Structures are given as structure tokens and as C-alpha cells.
$ cat final.cif   # mmCIF, N, CA, C and O atoms
data_coords
loop_
_atom_site.label_atom_id
_atom_site.label_comp_id
_atom_site.auth_asym_id
_atom_site.auth_seq_id
_atom_site.Cartn_x
_atom_site.Cartn_y
_atom_site.Cartn_z
N MET A 140 59.69 -9.28 -52.45
CA MET A 140 58.34 -9.37 -51.97
C MET A 140 57.48 -8.38 -52.76
O MET A 140 57.84 -7.22 -52.92
N SER A 141 56.36 -8.85 -53.25
CA SER A 141 55.54 -8.00 -54.11
C SER A 141 54.65 -7.07 -53.30
O SER A 141 54.44 -7.25 -52.09
N PHE A 142 54.13 -6.09 -53.99
CA PHE A 142 53.25 -5.11 -53.38
C PHE A 142 51.98 -5.76 -52.84
O PHE A 142 51.44 -5.34 -51.81
N THR A 143 51.49 -6.78 -53.52
CA THR A 143 50.25 -7.45 -53.10
C THR A 143 50.42 -8.08 -51.73
O THR A 143 49.53 -7.96 -50.87
N TYR A 144 51.54 -8.76 -51.51
CA TYR A 144 51.78 -9.40 -50.22
C TYR A 144 51.86 -8.37 -49.08
O TYR A 144 51.35 -8.59 -47.99
N VAL A 145 52.52 -7.26 -49.36
CA VAL A 145 52.64 -6.21 -48.35
C VAL A 145 51.27 -5.60 -48.06
O VAL A 145 50.92 -5.38 -46.90
N ALA A 146 50.47 -5.36 -49.11
CA ALA A 146 49.13 -4.79 -48.91
C ALA A 146 48.24 -5.73 -48.11
O ALA A 146 47.50 -5.30 -47.23
N VAL A 147 48.32 -7.03 -48.39
CA VAL A 147 47.52 -8.00 -47.64
C VAL A 147 47.96 -8.06 -46.18
O VAL A 147 47.13 -8.11 -45.27
N ALA A 148 49.26 -8.02 -45.94
CA ALA A 148 49.77 -8.06 -44.57
C ALA A 148 49.36 -6.82 -43.78
O ALA A 148 48.92 -6.92 -42.63
N VAL A 149 49.46 -5.65 -44.40
CA VAL A 149 49.08 -4.41 -43.71
C VAL A 149 47.58 -4.38 -43.45
O VAL A 149 47.15 -4.02 -42.35
N SER A 150 46.78 -4.77 -44.43
CA SER A 150 45.32 -4.76 -44.22
C SER A 150 44.92 -5.80 -43.18
O SER A 150 43.99 -5.57 -42.40
N GLY A 151 45.60 -6.93 -43.14
CA GLY A 151 45.32 -7.92 -42.11
C GLY A 151 45.65 -7.43 -40.72
O GLY A 151 44.89 -7.64 -39.77
N ALA A 152 46.78 -6.76 -40.58
CA ALA A 152 47.16 -6.21 -39.28
C ALA A 152 46.19 -5.11 -38.85
O ALA A 152 45.78 -5.06 -37.69
N ALA A 153 45.80 -4.25 -39.79
CA ALA A 153 44.87 -3.17 -39.46
C ALA A 153 43.50 -3.72 -39.07
O ALA A 153 42.89 -3.26 -38.10
N SER A 154 43.01 -4.70 -39.83
CA SER A 154 41.70 -5.27 -39.50
C SER A 154 41.74 -6.02 -38.17
O SER A 154 40.78 -5.99 -37.40
N GLY A 155 42.84 -6.71 -37.88
CA GLY A 155 42.98 -7.37 -36.59
C GLY A 155 42.98 -6.39 -35.43
O GLY A 155 42.34 -6.63 -34.40
N PHE A 156 43.67 -5.27 -35.61
CA PHE A 156 43.67 -4.24 -34.57
C PHE A 156 42.28 -3.67 -34.36
O PHE A 156 41.82 -3.50 -33.23
N LEU A 157 41.57 -3.36 -35.47
CA LEU A 157 40.23 -2.79 -35.35
C LEU A 157 39.25 -3.77 -34.73
O LEU A 157 38.39 -3.39 -33.93
N LEU A 158 39.35 -5.05 -35.10
CA LEU A 158 38.47 -6.04 -34.48
C LEU A 158 38.75 -6.18 -32.99
O LEU A 158 37.82 -6.36 -32.20
N ASN A 159 40.01 -6.10 -32.61
CA ASN A 159 40.36 -6.19 -31.20
C ASN A 159 39.83 -5.00 -30.42
O ASN A 159 39.36 -5.14 -29.30
N GLU A 160 39.89 -3.81 -31.02
CA GLU A 160 39.44 -2.60 -30.33
C GLU A 160 37.92 -2.49 -30.25
O GLU A 160 37.38 -2.16 -29.22
N PHE A 161 37.23 -2.74 -31.38
CA PHE A 161 35.81 -2.44 -31.45
C PHE A 161 34.92 -3.66 -31.55
O PHE A 161 33.69 -3.53 -31.51
N GLY A 162 35.46 -4.85 -31.68
CA GLY A 162 34.67 -6.05 -31.87
C GLY A 162 33.79 -6.41 -30.69
O GLY A 162 32.65 -6.85 -30.85
N ALA A 163 34.27 -6.18 -29.48
CA ALA A 163 33.50 -6.54 -28.29
C ALA A 163 32.39 -5.53 -28.00
O ALA A 163 31.31 -5.90 -27.57
N ARG A 164 32.66 -4.26 -28.28
CA ARG A 164 31.67 -3.22 -27.98
C ARG A 164 30.57 -3.13 -29.04
O ARG A 164 29.44 -2.83 -28.72
N TYR A 165 30.92 -3.36 -30.30
CA TYR A 165 29.96 -3.20 -31.40
C TYR A 165 29.97 -4.47 -32.28
O TYR A 165 30.48 -4.45 -33.39
N PRO A 166 29.40 -5.57 -31.79
CA PRO A 166 29.51 -6.82 -32.56
C PRO A 166 28.73 -6.81 -33.87
O PRO A 166 29.21 -7.33 -34.88
N VAL A 167 27.54 -6.22 -33.89
CA VAL A 167 26.73 -6.22 -35.12
C VAL A 167 27.37 -5.33 -36.17
O VAL A 167 27.51 -5.72 -37.34
N GLU A 168 27.78 -4.14 -35.77
CA GLU A 168 28.42 -3.23 -36.72
C GLU A 168 29.74 -3.80 -37.23
O GLU A 168 30.07 -3.63 -38.40
N THR A 169 30.46 -4.47 -36.36
CA THR A 169 31.72 -5.09 -36.78
C THR A 169 31.48 -6.16 -37.83
O THR A 169 32.19 -6.23 -38.83
N ALA A 170 30.45 -6.97 -37.62
CA ALA A 170 30.12 -8.01 -38.59
C ALA A 170 29.71 -7.40 -39.93
O ALA A 170 30.12 -7.88 -41.00
N LEU A 171 28.93 -6.33 -39.90
CA LEU A 171 28.52 -5.67 -41.14
C LEU A 171 29.70 -5.06 -41.88
O LEU A 171 29.79 -5.13 -43.11
N VAL A 172 30.62 -4.46 -41.14
CA VAL A 172 31.81 -3.88 -41.77
C VAL A 172 32.69 -4.97 -42.37
O VAL A 172 33.23 -4.81 -43.47
N VAL A 173 32.82 -6.09 -41.69
CA VAL A 173 33.61 -7.21 -42.22
C VAL A 173 32.99 -7.73 -43.51
O VAL A 173 33.68 -8.00 -44.50
N ILE A 174 31.67 -7.87 -43.53
CA ILE A 174 30.98 -8.32 -44.75
C ILE A 174 31.18 -7.32 -45.88
O ILE A 174 31.43 -7.69 -47.03
N LEU A 175 31.09 -6.04 -45.57
CA LEU A 175 31.31 -5.01 -46.58
C LEU A 175 32.72 -5.05 -47.14
O LEU A 175 32.92 -4.97 -48.36
N ILE A 176 33.70 -5.19 -46.27
CA ILE A 176 35.09 -5.25 -46.72
C ILE A 176 35.33 -6.48 -47.58
O ILE A 176 36.01 -6.40 -48.62
N CYS A 177 34.75 -7.62 -47.21
CA CYS A 177 34.90 -8.83 -48.02
C CYS A 177 34.24 -8.66 -49.39
O CYS A 177 34.78 -9.10 -50.41
N GLY A 178 33.10 -8.00 -49.42
CA GLY A 178 32.44 -7.75 -50.70
C GLY A 178 33.25 -6.85 -51.61
O GLY A 178 33.38 -7.10 -52.81
N VAL A 179 33.81 -5.79 -51.06
CA VAL A 179 34.63 -4.87 -51.85
C VAL A 179 35.90 -5.57 -52.34
O VAL A 179 36.31 -5.42 -53.49
N ALA A 180 36.50 -6.38 -51.48
CA ALA A 180 37.70 -7.12 -51.89
C ALA A 180 37.38 -8.11 -53.01
O ALA A 180 38.16 -8.26 -53.96
N THR A 181 36.22 -8.75 -52.93
CA THR A 181 35.82 -9.68 -53.99
C THR A 181 35.59 -8.95 -55.30
O THR A 181 36.00 -9.42 -56.37
N LEU A 182 34.94 -7.80 -55.25
CA LEU A 182 34.72 -7.03 -56.46
C LEU A 182 36.03 -6.54 -57.07
O LEU A 182 36.20 -6.55 -58.29
N CYS A 183 36.97 -6.13 -56.23
CA CYS A 183 38.28 -5.70 -56.74
C CYS A 183 39.02 -6.86 -57.39
O CYS A 183 39.62 -6.71 -58.46
N TRP A 184 38.97 -8.02 -56.77
CA TRP A 184 39.63 -9.20 -57.34
C TRP A 184 39.00 -9.57 -58.68
O TRP A 184 39.70 -9.84 -59.65
N ALA A 185 37.67 -9.56 -58.74
CA ALA A 185 36.98 -9.91 -59.98
C ALA A 185 37.27 -8.88 -61.07
O ALA A 185 37.48 -9.25 -62.23
N GLY A 186 37.31 -7.61 -60.70
CA GLY A 186 37.63 -6.59 -61.69
C GLY A 186 39.04 -6.73 -62.23
O GLY A 186 39.28 -6.55 -63.43
N ALA A 187 39.98 -7.05 -61.36
CA ALA A 187 41.36 -7.27 -61.81
C ALA A 187 41.44 -8.46 -62.76
O ALA A 187 42.16 -8.43 -63.76
N ARG A 188 40.71 -9.54 -62.44
CA ARG A 188 40.71 -10.71 -63.32
C ARG A 188 40.09 -10.39 -64.68
O ARG A 188 40.60 -10.81 -65.72
N ILE A 189 39.00 -9.62 -64.68
CA ILE A 189 38.35 -9.25 -65.93
C ILE A 189 39.29 -8.40 -66.78
O ILE A 189 39.42 -8.62 -67.99
N LEU A 190 39.95 -7.43 -66.16
CA LEU A 190 40.87 -6.58 -66.91
C LEU A 190 42.06 -7.37 -67.43
O LEU A 190 42.53 -7.15 -68.55
N ARG A 191 42.57 -8.32 -66.65
CA ARG A 191 43.69 -9.14 -67.09
C ARG A 191 43.29 -10.02 -68.27
O ARG A 191 44.03 -10.14 -69.25
N ASP A 192 42.10 -10.62 -68.21
CA ASP A 192 41.62 -11.44 -69.32
C ASP A 192 41.38 -10.60 -70.56
O ASP A 192 41.71 -11.00 -71.68
N ALA A 193 40.80 -9.41 -70.39
CA ALA A 193 40.53 -8.54 -71.53
C ALA A 193 41.83 -8.07 -72.18
O ALA A 193 41.93 -8.01 -73.40
N SER A 194 42.83 -7.73 -71.37
CA SER A 194 44.10 -7.28 -71.95
C SER A 194 44.79 -8.42 -72.69
O SER A 194 45.43 -8.20 -73.70
N GLY A 195 44.63 -9.65 -72.19
CA GLY A 195 45.19 -10.79 -72.91
C GLY A 195 44.51 -11.00 -74.25
O GLY A 195 45.16 -11.32 -75.25
N ARG A 196 43.20 -10.80 -74.29
CA ARG A 196 42.48 -10.93 -75.57
C ARG A 196 42.88 -9.84 -76.55
O ARG A 196 43.03 -10.08 -77.74
N VAL A 197 43.05 -8.61 -76.05
CA VAL A 197 43.47 -7.52 -76.92
C VAL A 197 44.86 -7.78 -77.46
O VAL A 197 45.13 -7.57 -78.65
N ASP A 198 45.76 -8.26 -76.62
CA ASP A 198 47.11 -8.59 -77.09
C ASP A 198 47.07 -9.67 -78.15
O ASP A 198 47.79 -9.60 -79.15
N ALA A 199 46.24 -10.69 -77.95
CA ALA A 199 46.14 -11.77 -78.93
C ALA A 199 45.58 -11.25 -80.25
O ALA A 199 46.05 -11.62 -81.33
N LEU A 200 44.58 -10.37 -80.18
CA LEU A 200 44.01 -9.81 -81.41
C LEU A 200 45.02 -8.93 -82.14
O LEU A 200 45.12 -8.98 -83.37
N LEU A 201 45.77 -8.13 -81.39
CA LEU A 201 46.79 -7.29 -82.03
C LEU A 201 47.89 -8.13 -82.65
O LEU A 201 48.37 -7.83 -83.75
N ASP A 202 48.32 -9.17 -81.96
CA ASP A 202 49.33 -10.05 -82.52
C ASP A 202 48.82 -10.74 -83.78
O ASP A 202 49.55 -10.88 -84.76
N ASP A 203 47.57 -11.13 -83.75
CA ASP A 203 46.97 -11.79 -84.91
C ASP A 203 46.86 -10.82 -86.07
O ASP A 203 47.13 -11.17 -87.21
N GLU A 204 46.47 -9.60 -85.78
CA GLU A 204 46.26 -8.62 -86.84
C GLU A 204 47.58 -8.06 -87.38
O GLU A 204 47.76 -7.93 -88.58
N LEU A 205 48.49 -7.73 -86.50
CA LEU A 205 49.73 -7.08 -86.92
C LEU A 205 50.88 -8.05 -87.14
O LEU A 205 51.89 -7.68 -87.71
N GLY A 206 50.73 -9.28 -86.69
CA GLY A 206 51.83 -10.23 -86.76
C GLY A 206 51.94 -10.97 -88.08
O GLY A 206 52.85 -11.77 -88.26
N ARG A 207 51.07 -10.72 -89.01
CA ARG A 207 51.13 -11.44 -90.29
C ARG A 207 52.26 -10.89 -91.13
O ARG A 207 52.31 -9.71 -91.47
N SER A 208 53.19 -11.75 -91.52
CA SER A 208 54.35 -11.30 -92.28
C SER A 208 54.02 -11.16 -93.77
O SER A 208 54.71 -10.45 -94.49
N GLY A 209 52.97 -11.82 -94.25
CA GLY A 209 52.60 -11.74 -95.66
C GLY A 209 51.94 -10.44 -96.04
O GLY A 209 51.91 -10.08 -97.21
N GLU A 210 51.43 -9.71 -95.09
CA GLU A 210 50.74 -8.46 -95.37
C GLU A 210 51.62 -7.29 -94.98
O GLU A 210 52.30 -7.31 -93.99
N ASP A 211 51.56 -6.26 -95.79
CA ASP A 211 52.23 -5.01 -95.44
C ASP A 211 51.15 -3.99 -95.16
O ASP A 211 50.46 -3.52 -96.08
N HIS A 212 50.98 -3.65 -93.90
CA HIS A 212 49.90 -2.75 -93.52
C HIS A 212 50.17 -1.32 -93.95
O HIS A 212 49.26 -0.50 -94.00
N PHE A 213 51.41 -1.03 -94.26
CA PHE A 213 51.76 0.34 -94.63
C PHE A 213 52.04 0.46 -96.13
O PHE A 213 52.61 1.43 -96.58
N ALA A 214 51.61 -0.51 -96.92
CA ALA A 214 51.89 -0.48 -98.36
C ALA A 214 51.17 0.67 -99.02
O ALA A 214 51.74 1.35 -99.88
N GLU A 215 49.93 0.94 -98.64
CA GLU A 215 49.19 2.02 -99.27
C GLU A 215 49.78 3.37 -98.92
O GLU A 215 49.92 4.23 -99.79
N SER A 216 50.17 3.57 -97.68
CA SER A 216 50.71 4.87 -97.29
C SER A 216 52.08 5.11 -97.92
O SER A 216 52.40 6.22 -98.30
N SER A 217 52.90 4.07 -98.07
CA SER A 217 54.21 4.27 -98.68
C SER A 217 54.09 4.46 -100.18
O SER A 217 54.86 5.18 -100.80
N ALA A 218 53.09 3.82 -100.82
CA ALA A 218 52.89 3.99 -102.25
C ALA A 218 52.35 5.38 -102.55
O ALA A 218 52.67 5.95 -103.59
N MET A 219 51.56 5.94 -101.65
CA MET A 219 51.03 7.26 -101.87
C MET A 219 52.10 8.33 -101.73
O MET A 219 52.05 9.38 -102.39
N GLY A 220 53.08 8.08 -100.92
CA GLY A 220 54.15 9.07 -100.71
C GLY A 220 55.16 9.09 -101.84
O GLY A 220 55.85 10.07 -102.04
N ALA A 221 55.21 8.05 -102.63
CA ALA A 221 56.22 7.97 -103.70
C ALA A 221 55.84 8.65 -104.95
O ALA A 221 54.97 9.20 -105.35
#
$ encode --input "final.cif" --output "C-alpha cells"
Amino acid sequence: MSFTYVAVAVSGAASGFLLNEFGARYPVETALVVILICGVATLCWAGARILRDASGRVDALLDDELGRSGEDHFAESSAMGA
């Protein structure tokens, strides 16, 4: 079981407990807090997606740049040492 599933389960249980305790007494504040939590979760998800896409692009660029077998990127440095 991954860390993400455990984190979602724990946050769901905690939010359910808090809604049960404070939802009836403070309905407007509870709704605002729920909206805030959903917004922060959406921003975290979007940030993770952006970072994952960016790291994939960097990996592709590095593979493209360093993966060429016809080029020796260290030819100049080895020739200078000889």
C-alpha cells in the first residue's frame, strides 16, 4: 500500500471526525474550511503534475543530449590531458 493511499485515508478520517464535531455548530465556517482544503489539495495535485511533467522533459533532453553515441563529449578534455 502506497503512502498516498494512507495519507488520503488518514485525511479522510480526520476531516470526517472534524465535520462530525463542528459541522452542526459552525456550518458557515465549516463550509469555508472545506473549500480552503479542497483548493489547497488541488494546488498540490497540480504542482505535483507540473513537476512530474518537467522532470520528464528534463530526462528526455538529457537523454537526447548525452545519449548520442557518435559524439564524444569528453574528447576535448581527454585530448588536453594527453
$ resolve_selection --input "final.cif" --expression "the PyMOL selection byres (((chain A and resi 148-156 and name CA) around 12) and name CA)" --output "MDAnalysis selection string"
chainID A and resid 140:147 157:162 169:170 172:173 176:177 180
$ atom_distance --input "final.cif" --atom1 "atom N of Gly186 of chain A" --atom2 "atom CA of Ala199 of chain A"
20.7 Å
$ atom_distance --input "final.cif" --atom1 "atom CA of Val167 of chain A" --atom2 "atom N of Ala185 of chain A"
26.2 Å
$ atom_distance --input "final.cif" --atom1 "atom N of Ile174 of chain A" --atom2 "atom N of Leu190 of chain A"
24.1 Å
$ select_by_dssp --input "final.cif" --residues "chain A" --states "helix (DSSP H, G or I)" --output "PyMOL selection string"
chain A and resi 142-161+166-205+214-220
$ decode --input "final.cif" --residues "segment 143-188 of chain A" --atoms "N, CA and C atoms" --output "PDB file, in the first residue's frame"
ATOM      1  N   THR A 143       0.484   7.452  -0.532  1.00  0.00           N
ATOM      2  CA  THR A 143      -0.622   8.307  -0.964  1.00  0.00           C
ATOM      3  C   THR A 143      -1.951   7.770  -0.457  1.00  0.00           C
ATOM      4  N   TYR A 144      -2.159   6.468  -0.569  1.00  0.00           N
ATOM      5  CA  TYR A 144      -3.411   5.874  -0.106  1.00  0.00           C
ATOM      6  C   TYR A 144      -3.583   6.035   1.408  1.00  0.00           C
ATOM      7  N   VAL A 145      -2.495   5.855   2.138  1.00  0.00           N
ATOM      8  CA  VAL A 145      -2.553   6.010   3.590  1.00  0.00           C
ATOM      9  C   VAL A 145      -2.844   7.462   3.953  1.00  0.00           C
ATOM     10  N   ALA A 146      -2.195   8.407   3.260  1.00  0.00           N
ATOM     11  CA  ALA A 146      -2.425   9.830   3.538  1.00  0.00           C
ATOM     12  C   ALA A 146      -3.861  10.227   3.237  1.00  0.00           C
ATOM     13  N   VAL A 147      -4.423   9.725   2.142  1.00  0.00           N
ATOM     14  CA  VAL A 147      -5.816  10.034   1.807  1.00  0.00           C
ATOM     15  C   VAL A 147      -6.766   9.436   2.838  1.00  0.00           C
ATOM     16  N   ALA A 148      -6.496   8.220   3.281  1.00  0.00           N
ATOM     17  CA  ALA A 148      -7.359   7.579   4.278  1.00  0.00           C
ATOM     18  C   ALA A 148      -7.315   8.324   5.610  1.00  0.00           C
ATOM     19  N   VAL A 149      -6.124   8.716   6.044  1.00  0.00           N
ATOM     20  CA  VAL A 149      -5.995   9.435   7.315  1.00  0.00           C
ATOM     21  C   VAL A 149      -6.648  10.805   7.223  1.00  0.00           C
ATOM     22  N   SER A 150      -6.425  11.524   6.128  1.00  0.00           N
ATOM     23  CA  SER A 150      -7.046  12.848   5.993  1.00  0.00           C
ATOM     24  C   SER A 150      -8.565  12.733   5.885  1.00  0.00           C
ATOM     25  N   GLY A 151      -9.055  11.697   5.239  1.00  0.00           N
ATOM     26  CA  GLY A 151     -10.497  11.487   5.172  1.00  0.00           C
ATOM     27  C   GLY A 151     -11.101  11.198   6.528  1.00  0.00           C
ATOM     28  N   ALA A 152     -10.433  10.374   7.320  1.00  0.00           N
ATOM     29  CA  ALA A 152     -10.929  10.077   8.667  1.00  0.00           C
ATOM     30  C   ALA A 152     -10.883  11.321   9.550  1.00  0.00           C
ATOM     31  N   ALA A 153      -9.808  12.095   9.444  1.00  0.00           N
ATOM     32  CA  ALA A 153      -9.694  13.313  10.254  1.00  0.00           C
ATOM     33  C   ALA A 153     -10.751  14.338   9.860  1.00  0.00           C
ATOM     34  N   SER A 154     -10.951  14.523   8.563  1.00  0.00           N
ATOM     35  CA  SER A 154     -11.959  15.500   8.126  1.00  0.00           C
ATOM     36  C   SER A 154     -13.370  15.041   8.495  1.00  0.00           C
ATOM     37  N   GLY A 155     -13.641  13.744   8.423  1.00  0.00           N
ATOM     38  CA  GLY A 155     -14.937  13.229   8.851  1.00  0.00           C
ATOM     39  C   GLY A 155     -15.186  13.461  10.329  1.00  0.00           C
ATOM     40  N   PHE A 156     -14.158  13.237  11.139  1.00  0.00           N
ATOM     41  CA  PHE A 156     -14.289  13.490  12.575  1.00  0.00           C
ATOM     42  C   PHE A 156     -14.547  14.966  12.851  1.00  0.00           C
ATOM     43  N   LEU A 157     -13.779  15.853  12.183  1.00  0.00           N
ATOM     44  CA  LEU A 157     -13.947  17.288  12.408  1.00  0.00           C
ATOM     45  C   LEU A 157     -15.312  17.779  11.938  1.00  0.00           C
ATOM     46  N   LEU A 158     -15.785  17.263  10.807  1.00  0.00           N
ATOM     47  CA  LEU A 158     -17.116  17.654  10.343  1.00  0.00           C
ATOM     48  C   LEU A 158     -18.200  17.178  11.305  1.00  0.00           C
ATOM     49  N   ASN A 159     -18.020  16.001  11.863  1.00  0.00           N
ATOM     50  CA  ASN A 159     -18.986  15.478  12.819  1.00  0.00           C
ATOM     51  C   ASN A 159     -19.011  16.316  14.092  1.00  0.00           C
ATOM     52  N   GLU A 160     -17.831  16.754  14.542  1.00  0.00           N
ATOM     53  CA  GLU A 160     -17.746  17.524  15.785  1.00  0.00           C
ATOM     54  C   GLU A 160     -18.226  18.963  15.620  1.00  0.00           C
ATOM     55  N   PHE A 161     -17.780  19.638  14.551  1.00  0.00           N
ATOM     56  CA  PHE A 161     -18.002  21.070  14.439  1.00  0.00           C
ATOM     57  C   PHE A 161     -18.957  21.475  13.331  1.00  0.00           C
ATOM     58  N   GLY A 162     -19.402  20.556  12.505  1.00  0.00           N
ATOM     59  CA  GLY A 162     -20.251  20.885  11.371  1.00  0.00           C
ATOM     60  C   GLY A 162     -21.608  21.439  11.741  1.00  0.00           C
ATOM     61  N   ALA A 163     -22.193  20.942  12.816  1.00  0.00           N
ATOM     62  CA  ALA A 163     -23.527  21.391  13.213  1.00  0.00           C
ATOM     63  C   ALA A 163     -23.482  22.746  13.913  1.00  0.00           C
ATOM     64  N   ARG A 164     -22.423  22.982  14.675  1.00  0.00           N
ATOM     65  CA  ARG A 164     -22.337  24.246  15.424  1.00  0.00           C
ATOM     66  C   ARG A 164     -21.867  25.408  14.563  1.00  0.00           C
ATOM     67  N   TYR A 165     -20.977  25.149  13.615  1.00  0.00           N
ATOM     68  CA  TYR A 165     -20.386  26.214  12.795  1.00  0.00           C
ATOM     69  C   TYR A 165     -20.511  25.847  11.306  1.00  0.00           C
ATOM     70  N   PRO A 166     -21.711  25.926  10.738  1.00  0.00           N
ATOM     71  CA  PRO A 166     -21.878  25.460   9.353  1.00  0.00           C
ATOM     72  C   PRO A 166     -21.168  26.332   8.320  1.00  0.00           C
ATOM     73  N   VAL A 167     -21.181  27.652   8.493  1.00  0.00           N
ATOM     74  CA  VAL A 167     -20.544  28.535   7.507  1.00  0.00           C
ATOM     75  C   VAL A 167     -19.036  28.382   7.555  1.00  0.00           C
ATOM     76  N   GLU A 168     -18.472  28.386   8.748  1.00  0.00           N
ATOM     77  CA  GLU A 168     -17.026  28.227   8.885  1.00  0.00           C
ATOM     78  C   GLU A 168     -16.570  26.860   8.384  1.00  0.00           C
ATOM     79  N   THR A 169     -17.380  25.846   8.643  1.00  0.00           N
ATOM     80  CA  THR A 169     -17.044  24.505   8.161  1.00  0.00           C
ATOM     81  C   THR A 169     -17.006  24.467   6.642  1.00  0.00           C
ATOM     82  N   ALA A 170     -17.984  25.106   6.008  1.00  0.00           N
ATOM     83  CA  ALA A 170     -18.008  25.139   4.542  1.00  0.00           C
ATOM     84  C   ALA A 170     -16.799  25.888   3.996  1.00  0.00           C
ATOM     85  N   LEU A 171     -16.424  26.991   4.626  1.00  0.00           N
ATOM     86  CA  LEU A 171     -15.256  27.750   4.174  1.00  0.00           C
ATOM     87  C   LEU A 171     -13.966  26.953   4.339  1.00  0.00           C
ATOM     88  N   VAL A 172     -13.844  26.235   5.438  1.00  0.00           N
ATOM     89  CA  VAL A 172     -12.652  25.416   5.652  1.00  0.00           C
ATOM     90  C   VAL A 172     -12.591  24.276   4.645  1.00  0.00           C
ATOM     91  N   VAL A 173     -13.720  23.673   4.337  1.00  0.00           N
ATOM     92  CA  VAL A 173     -13.756  22.598   3.335  1.00  0.00           C
ATOM     93  C   VAL A 173     -13.337  23.134   1.971  1.00  0.00           C
ATOM     94  N   ILE A 174     -13.831  24.309   1.602  1.00  0.00           N
ATOM     95  CA  ILE A 174     -13.437  24.916   0.324  1.00  0.00           C
ATOM     96  C   ILE A 174     -11.944  25.220   0.312  1.00  0.00           C
ATOM     97  N   LEU A 175     -11.422  25.730   1.417  1.00  0.00           N
ATOM     98  CA  LEU A 175      -9.993  26.014   1.507  1.00  0.00           C
ATOM     99  C   LEU A 175      -9.159  24.753   1.371  1.00  0.00           C
ATOM    100  N   ILE A 176      -9.558  23.694   2.048  1.00  0.00           N
ATOM    101  CA  ILE A 176      -8.822  22.433   1.972  1.00  0.00           C
ATOM    102  C   ILE A 176      -8.857  21.868   0.560  1.00  0.00           C
ATOM    103  N   CYS A 177     -10.004  21.953  -0.109  1.00  0.00           N
ATOM    104  CA  CYS A 177     -10.099  21.468  -1.491  1.00  0.00           C
ATOM    105  C   CYS A 177      -9.209  22.292  -2.424  1.00  0.00           C
ATOM    106  N   GLY A 178      -9.154  23.590  -2.193  1.00  0.00           N
ATOM    107  CA  GLY A 178      -8.287  24.439  -3.015  1.00  0.00           C
ATOM    108  C   GLY A 178      -6.819  24.111  -2.828  1.00  0.00           C
ATOM    109  N   VAL A 179      -6.402  23.914  -1.595  1.00  0.00           N
ATOM    110  CA  VAL A 179      -5.004  23.568  -1.324  1.00  0.00           C
ATOM    111  C   VAL A 179      -4.666  22.197  -1.900  1.00  0.00           C
ATOM    112  N   ALA A 180      -5.585  21.252  -1.773  1.00  0.00           N
ATOM    113  CA  ALA A 180      -5.351  19.919  -2.351  1.00  0.00           C
ATOM    114  C   ALA A 180      -5.237  19.992  -3.868  1.00  0.00           C
ATOM    115  N   THR A 181      -6.054  20.820  -4.500  1.00  0.00           N
ATOM    116  CA  THR A 181      -5.980  20.978  -5.954  1.00  0.00           C
ATOM    117  C   THR A 181      -4.657  21.600  -6.367  1.00  0.00           C
ATOM    118  N   LEU A 182      -4.208  22.613  -5.640  1.00  0.00           N
ATOM    119  CA  LEU A 182      -2.922  23.226  -5.955  1.00  0.00           C
ATOM    120  C   LEU A 182      -1.765  22.253  -5.760  1.00  0.00           C
ATOM    121  N   CYS A 183      -1.821  21.441  -4.723  1.00  0.00           N
ATOM    122  CA  CYS A 183      -0.773  20.430  -4.509  1.00  0.00           C
ATOM    123  C   CYS A 183      -0.758  19.405  -5.627  1.00  0.00           C
ATOM    124  N   TRP A 184      -1.927  18.962  -6.041  1.00  0.00           N
ATOM    125  CA  TRP A 184      -2.017  17.993  -7.136  1.00  0.00           C
ATOM    126  C   TRP A 184      -1.471  18.596  -8.430  1.00  0.00           C
ATOM    127  N   ALA A 185      -1.850  19.840  -8.721  1.00  0.00           N
ATOM    128  CA  ALA A 185      -1.378  20.485  -9.943  1.00  0.00           C
ATOM    129  C   ALA A 185       0.132  20.707  -9.897  1.00  0.00           C
ATOM    130  N   GLY A 186       0.644  21.093  -8.736  1.00  0.00           N
ATOM    131  CA  GLY A 186       2.086  21.268  -8.611  1.00  0.00           C
ATOM    132  C   GLY A 186       2.847  19.970  -8.806  1.00  0.00           C
ATOM    133  N   ALA A 187       2.323  18.895  -8.264  1.00  0.00           N
ATOM    134  CA  ALA A 187       2.967  17.587  -8.457  1.00  0.00           C
ATOM    135  C   ALA A 187       2.952  17.187  -9.930  1.00  0.00           C
ATOM    136  N   ARG A 188       1.843  17.439 -10.622  1.00  0.00           N
ATOM    137  CA  ARG A 188       1.768  17.122 -12.051  1.00  0.00           C
ATOM    138  C   ARG A 188       2.756  17.956 -12.862  1.00  0.00           C
TER     139      ARG A 188
END
